[in-house]
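> Structure incoming, see below.
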Amino acid sequence: MASPLLSLTWTDHITGRQGFLVVDRLVRGVASGGLRMRAGCTLDEVTGLARGMTMKEALHYDPDGRYVPLGGAKGGIDCDPRDPEAYPLLVRYLRAMRPHIESFWTTGEDLGLTQDLVDGAAAEAGLVSSIQAVYPLLEDEAEARRRLGDAFAVEVDGIGLDELAGGCGVAEAVLTALDRAGVPHAGTRVAFQGFGTMGGATARFLTRAGLTVVAVADIKGTIANPAGLDIEALLAARDPHGTVDRSALRPGDRELPGDAWLSAGTDVLVPAAVSYAIDAGNQERITARWVVEAANMPVRPEAELLLAARGVTVLPDVVVNSGTNAWWWWTLFGDIGADAEEAFAHTRRSMRSLVERMLARALADGTTPRAAAHALVADRLPVIAERFGWYR
């Protein structure tokens with residue numbers, strides 16, 4: 001794949017902090033990709049994320065569906081989201097990016113930001129919506145916007161459907177891998193790094209499928225219980241950044257160092273927080289059979305090779321966490337309605353089919369799942385380019 005279409009760095013005139021926008025491709029004149037905020041965010045990081053978004057869009061292309069793919073893009077701001085200056089900085093960033101958001105970049109929540117924060121800041125920046133660039137592609141804009149708004153208002157047991165959709169997709173990726181390997185759900189042990197939007201929702205779906213979550217890591221450290229954590233209690237006790245109030249812990253729960261999740265004695269590890277969490281050094285501590293990338297780019301390439309050599313399978317982010325992005329567009333374009341059960345059923349079917357194809361391709365080609373995902377993208381991109389056109 002060629003270099004990104006657009007790559008820019010913005011410097012805030014008040015704080016001196018930097019923000020980034022990378023547009024990897026435009027399809028039908030539009031690119032899709034969230035906006036993250038974290039201390040240490042870099043242009044290289046955002047570039048990799050934008051490329052990943054192009055892949056996610058291509059992987060979910062269904063010629064029979066109403067939703068047709070967009071290009072890939074990503075935004076990033078180098079700031080701790082807990083910093084008092086974070087929200088004003090977000091508003092100034094979006095104000096600076098307004099011409100791009102109005103014209104071709106659709107964005108939303110990502111690491112460090114919630115959709116409510118993005119929506120509020122976008123309004124202050126003078127934007128109609130953070131996804132307004134896609135509106136001209138809709139058959140009935142008013143109906144589509146109403147449907148998406150209704151979907152964002154849906155809650156299931158206290159958690160919004162927008163948050164649960166991504167977790168449903170990650171959980172289905174885990175369950176598909178287990179089913180292909182003939183591993184029963186009951187008795188399968190899971191550890192999470194990150195208990196925010198994606199990690200928390202995934203943990204709920206996996207425990208309800210019969211798996212046991214034995215460790216959860218947040219910014220304060222790792223909470224562990226070999227008999228299994230009470231996920232619903234932890235979900236109720238977390239703050240907007242995914243940090244669990246330790247007063248909610250049960251007598252059997254232990255507090256361990258932040259990196260203890262790596263060696264928690266599990267079958268499945270789910271890094272669901274920051275990029276680059278697993279490197280060539282700490283991968284040696286992993287004894288799990290599967291690493292499932294709920295976060296974007298949590299496993300460094302050199303670590304993945306070392307894990308593969310030890311028989312550890314990494315299910316890649318471009319497939320595993322793609323359900324969040326797809327749910328937005330399935331809803332907006334009208335493939336599904338504002339209904340939780342319909343959204344979960346559609347997500348499960350789509351994710352199971354995609355993960356099955358990826359793992360079957362990996363087995364046939366003798367490659368890793370990531371290489372197989374790249375091969376699936378390579379098969380689809382020419383078809384998308386021919387049908388819809390794109391700008392490199």
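Labeling convention for the structure tokens: chains A, B, ... as they appear, residues from 1 per chain, ligands from 1 in order of appearance.
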Which residues are close to stretch 268-280 of chain A, i.e. within 7 Å by only C-alpha atoms, leaving aside same-chain residues fewer than 3 positions away? Reply as a PyMOL selection string.
chain A and resi 189-194+198-199+283+288-300+302-303
> Pick out the residues sitting within 9 Å of A:Leu359, and hand them over as a PyMOL selection string; count only C-alpha atoms, and ignore anything fewer than 2 positions along from it in its own chain.
chain A and resi 177+180+315+354-357+361-364+368-369+372-373
> Could the residues in this selection be saved with N, CA, C and O atoms as a PDB file, in the first residue's frame?

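This went into result-v7.pdb:
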ATOM      1  N   ALA A 177     -12.389 -18.335  17.938  1.00  0.00           N
ATOM      2  CA  ALA A 177     -11.094 -19.005  18.059  1.00  0.00           C
ATOM      3  C   ALA A 177     -11.201 -20.237  18.955  1.00  0.00           C
ATOM      4  O   ALA A 177     -10.651 -21.309  18.646  1.00  0.00           O
ATOM      5  N   ARG A 180     -13.147 -23.057  17.088  1.00  0.00           N
ATOM      6  CA  ARG A 180     -12.346 -23.709  16.049  1.00  0.00           C
ATOM      7  C   ARG A 180     -11.326 -24.669  16.663  1.00  0.00           C
ATOM      8  O   ARG A 180     -10.976 -25.691  16.062  1.00  0.00           O
ATOM      9  N   LEU A 315      -4.573 -12.647  17.584  1.00  0.00           N
ATOM     10  CA  LEU A 315      -5.681 -12.248  16.717  1.00  0.00           C
ATOM     11  C   LEU A 315      -5.596 -10.736  16.543  1.00  0.00           C
ATOM     12  O   LEU A 315      -5.686  -9.993  17.528  1.00  0.00           O
ATOM     13  N   LEU A 354     -15.935 -13.266   9.552  1.00  0.00           N
ATOM     14  CA  LEU A 354     -14.651 -12.646   9.253  1.00  0.00           C
ATOM     15  C   LEU A 354     -13.511 -13.385   9.942  1.00  0.00           C
ATOM     16  O   LEU A 354     -12.464 -13.658   9.330  1.00  0.00           O
ATOM     17  N   VAL A 355     -13.678 -13.706  11.223  1.00  0.00           N
ATOM     18  CA  VAL A 355     -12.617 -14.421  11.956  1.00  0.00           C
ATOM     19  C   VAL A 355     -12.429 -15.821  11.381  1.00  0.00           C
ATOM     20  O   VAL A 355     -11.291 -16.304  11.256  1.00  0.00           O
ATOM     21  N   GLU A 356     -13.514 -16.490  11.020  1.00  0.00           N
ATOM     22  CA  GLU A 356     -13.403 -17.810  10.395  1.00  0.00           C
ATOM     23  C   GLU A 356     -12.591 -17.734   9.111  1.00  0.00           C
ATOM     24  O   GLU A 356     -11.706 -18.570   8.872  1.00  0.00           O
ATOM     25  N   ARG A 357     -12.882 -16.745   8.256  1.00  0.00           N
ATOM     26  CA  ARG A 357     -12.153 -16.602   7.001  1.00  0.00           C
ATOM     27  C   ARG A 357     -10.678 -16.324   7.258  1.00  0.00           C
ATOM     28  O   ARG A 357      -9.797 -16.855   6.578  1.00  0.00           O
ATOM     29  N   ARG A 361      -7.699 -18.878   6.278  1.00  0.00           N
ATOM     30  CA  ARG A 361      -6.663 -18.406   5.346  1.00  0.00           C
ATOM     31  C   ARG A 361      -5.268 -18.584   5.966  1.00  0.00           C
ATOM     32  O   ARG A 361      -4.326 -18.998   5.283  1.00  0.00           O
ATOM     33  N   ALA A 362      -5.145 -18.287   7.246  1.00  0.00           N
ATOM     34  CA  ALA A 362      -3.858 -18.456   7.923  1.00  0.00           C
ATOM     35  C   ALA A 362      -3.416 -19.912   7.891  1.00  0.00           C
ATOM     36  O   ALA A 362      -2.238 -20.223   7.648  1.00  0.00           O
ATOM     37  N   LEU A 363      -4.362 -20.823   8.142  1.00  0.00           N
ATOM     38  CA  LEU A 363      -4.046 -22.246   8.126  1.00  0.00           C
ATOM     39  C   LEU A 363      -3.650 -22.703   6.728  1.00  0.00           C
ATOM     40  O   LEU A 363      -2.656 -23.432   6.551  1.00  0.00           O
ATOM     41  N   ALA A 364      -4.396 -22.249   5.728  1.00  0.00           N
ATOM     42  CA  ALA A 364      -4.118 -22.665   4.348  1.00  0.00           C
ATOM     43  C   ALA A 364      -2.787 -22.121   3.852  1.00  0.00           C
ATOM     44  O   ALA A 364      -2.046 -22.810   3.132  1.00  0.00           O
ATOM     45  N   THR A 368       0.516 -16.221   9.874  1.00  0.00           N
ATOM     46  CA  THR A 368      -0.158 -15.740  11.078  1.00  0.00           C
ATOM     47  C   THR A 368      -1.526 -15.185  10.707  1.00  0.00           C
ATOM     48  O   THR A 368      -1.786 -14.831   9.545  1.00  0.00           O
ATOM     49  N   PRO A 369      -2.426 -15.076  11.684  1.00  0.00           N
ATOM     50  CA  PRO A 369      -3.715 -14.434  11.402  1.00  0.00           C
ATOM     51  C   PRO A 369      -3.561 -13.019  10.859  1.00  0.00           C
ATOM     52  O   PRO A 369      -4.348 -12.597   9.999  1.00  0.00           O
ATOM     53  N   ALA A 372      -2.798 -13.227   7.275  1.00  0.00           N
ATOM     54  CA  ALA A 372      -4.006 -13.653   6.572  1.00  0.00           C
ATOM     55  C   ALA A 372      -4.993 -12.508   6.419  1.00  0.00           C
ATOM     56  O   ALA A 372      -5.634 -12.354   5.365  1.00  0.00           O
ATOM     57  N   ALA A 373      -5.121 -11.667   7.458  1.00  0.00           N
ATOM     58  CA  ALA A 373      -6.004 -10.501   7.364  1.00  0.00           C
ATOM     59  C   ALA A 373      -5.520  -9.552   6.277  1.00  0.00           C
ATOM     60  O   ALA A 373      -6.320  -9.011   5.501  1.00  0.00           O
TER      61      ALA A 373
END
> Considering only helix (DSSP H, G or I) as DSSP defines it on the backbone, what residues of stretch 4-217 of chain A qualify? List them as a PyMOL selection string.
chain A and resi 43-59+86-103+115-124+132-137+141-152+161-181+197-208
> Between A:Glu139, A:Asp267, A:Glu124, A:Glu172, which is the closest to A:His346 once you count only C-alpha atoms?
A:Glu172
> As a ChimeraX atom specification, list the residues of stretch 9-251 of chain A assigned to strand (DSSP E) by DSSP on the backbone atoms of this structure.
/A:9-11,18-23,26-27,31-32,35-38,71-78,105-106,155-156,159-160,189-193,212-218,221-224
> Pick from A:His100, A:Arg238, A:Arg17, A:Arg349: nearest to A:Ala86, with only C-alpha atoms counted?
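The shortest atom-to-atom distance to A:Ala86 comes from A:Arg17.
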> Which residues are close to A:Met55, i.e. within 7 Å by only C-alpha atoms, leaving aside same-chain residues fewer than 3 positions away? Reply as an MDAnalysis selection string.
chainID A and resid 51:52 58:59 318 377
> Could you take the residues named above and write them with N, CA and C atoms, as a compact mmCIF listing (two decimals), in the first residue's frame?

# COMPACT_ATOMS: atom_id res chain seq x y z
N ARG A 51 -3.83 3.49 8.67
CA ARG A 51 -3.72 2.35 7.76
C ARG A 51 -4.62 1.21 8.22
N GLY A 52 -4.65 0.99 9.52
CA GLY A 52 -5.53 -0.04 10.06
C GLY A 52 -6.99 0.22 9.76
N ALA A 58 -12.30 -2.18 4.60
CA ALA A 58 -12.31 -3.14 3.50
C ALA A 58 -12.79 -4.52 3.95
N LEU A 59 -12.39 -4.93 5.13
CA LEU A 59 -12.74 -6.27 5.62
C LEU A 59 -14.24 -6.44 5.82
N VAL A 318 -7.06 -5.27 13.51
CA VAL A 318 -7.81 -4.85 12.33
C VAL A 318 -9.06 -5.68 12.11
N VAL A 377 -7.52 -8.33 2.87
CA VAL A 377 -7.64 -6.93 2.46
C VAL A 377 -7.13 -6.75 1.04
> Hey, which of A:Ala360, A:Ile219, A:Ala385, A:Met53 ends up closest to A:Asp317? Count only C-alpha atoms.
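With only C-alpha atoms as the atom set, the closest residue is A:Met53.
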> Would you compute the distance between atom CA of A:Thr347 and atom CA of A:Arg370? Give it in Å to one decimal.
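A separation of 20.4 Å between them.
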> For the contact check between stretch 304-336 of chain A and stretch 159-165 of chain A, emit one row per residue of stretch 304-336 of chain A within 10 Å, containing the shortest atom pair and the distance in Å rounded to one decimal, counting only C-alpha atoms, chain then rising number order, as JSON lines.

{"residue": "A:Asn321", "atom": "CA", "partner": "A:Ala165", "partner_atom": "CA", "distance": 9.8}
{"residue": "A:Ser322", "atom": "CA", "partner": "A:Ala165", "partner_atom": "CA", "distance": 10.0}
{"residue": "A:Gly323", "atom": "CA", "partner": "A:Ala165", "partner_atom": "CA", "distance": 6.6}
{"residue": "A:Thr324", "atom": "CA", "partner": "A:Ala165", "partner_atom": "CA", "distance": 5.8}
{"residue": "A:Asn325", "atom": "CA", "partner": "A:Ala165", "partner_atom": "CA", "distance": 9.2}
{"residue": "A:Ala326", "atom": "CA", "partner": "A:Ala165", "partner_atom": "CA", "distance": 9.2}
{"residue": "A:Trp327", "atom": "CA", "partner": "A:Ala165", "partner_atom": "CA", "distance": 6.6}
{"residue": "A:Trp328", "atom": "CA", "partner": "A:Asp162", "partner_atom": "CA", "distance": 7.9}
> Tell me which of A:Val27, A:Leu234, A:Val128, A:Leu138 sits closest to A:Glu386, counting only C-alpha atoms.
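The closest residue to A:Glu386 is A:Val27.
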> Counting only C-alpha atoms, what is within 9 Å of A:Val68, bar same-chain residues fewer than 4 positions away, as a CSV table (one decimal) with N, CA, C and O atoms, in the first residue's frame?

chain,number,residue,atom,x,y,z
A,57,GLU,N,-12.2,-1.1,7.2
A,57,GLU,CA,-13.3,-0.7,6.3
A,57,GLU,C,-13.4,-1.8,5.1
A,57,GLU,O,-14.5,-2.2,4.8
A,58,ALA,N,-12.3,-2.2,4.6
A,58,ALA,CA,-12.3,-3.1,3.5
A,58,ALA,C,-12.8,-4.5,4.0
A,58,ALA,O,-13.5,-5.2,3.2
A,60,HIS,N,-14.9,-5.4,6.1
A,60,HIS,CA,-16.4,-5.5,6.4
A,60,HIS,C,-17.2,-5.1,5.1
A,60,HIS,O,-18.4,-5.0,5.2
A,61,TYR,N,-16.6,-5.0,4.0
A,61,TYR,CA,-17.3,-4.7,2.8
A,61,TYR,C,-18.2,-5.9,2.4
A,61,TYR,O,-17.8,-7.1,2.3
A,62,ASP,N,-19.5,-5.7,2.2
A,62,ASP,CA,-20.5,-6.7,1.8
A,62,ASP,C,-21.2,-6.1,0.6
A,62,ASP,O,-22.0,-5.1,0.7
A,63,PRO,N,-21.0,-6.7,-0.6
A,63,PRO,CA,-21.7,-6.2,-1.8
A,63,PRO,C,-23.2,-6.1,-1.7
A,63,PRO,O,-23.8,-5.3,-2.4
A,329,TRP,N,-21.7,2.4,11.0
A,329,TRP,CA,-22.1,2.5,9.6
A,329,TRP,C,-23.2,1.5,9.3
A,329,TRP,O,-24.1,1.9,8.5
A,333,PHE,N,-26.3,3.6,7.8
A,333,PHE,CA,-26.8,3.3,6.4
A,333,PHE,C,-28.0,2.4,6.3
A,333,PHE,O,-28.6,2.3,5.3
A,384,ILE,N,-13.0,-2.8,-4.3
A,384,ILE,CA,-13.6,-1.6,-3.8
A,384,ILE,C,-13.2,-0.4,-4.7
A,384,ILE,O,-14.0,0.5,-5.0
A,388,PHE,N,-16.0,1.9,-6.4
A,388,PHE,CA,-16.2,3.1,-5.8
A,388,PHE,C,-15.2,4.2,-6.0
A,388,PHE,O,-15.5,5.4,-5.9
> Set the distance at 7 Å and use only C-alpha atoms: which residues neighbour stretch 22-25 of chain A once local chain neighbours fewer than 3 positions away are removed? I'd like the list as a ChimeraX atom specification.
/A:4-8,31,46-47,50-51,54,71-75,390-392
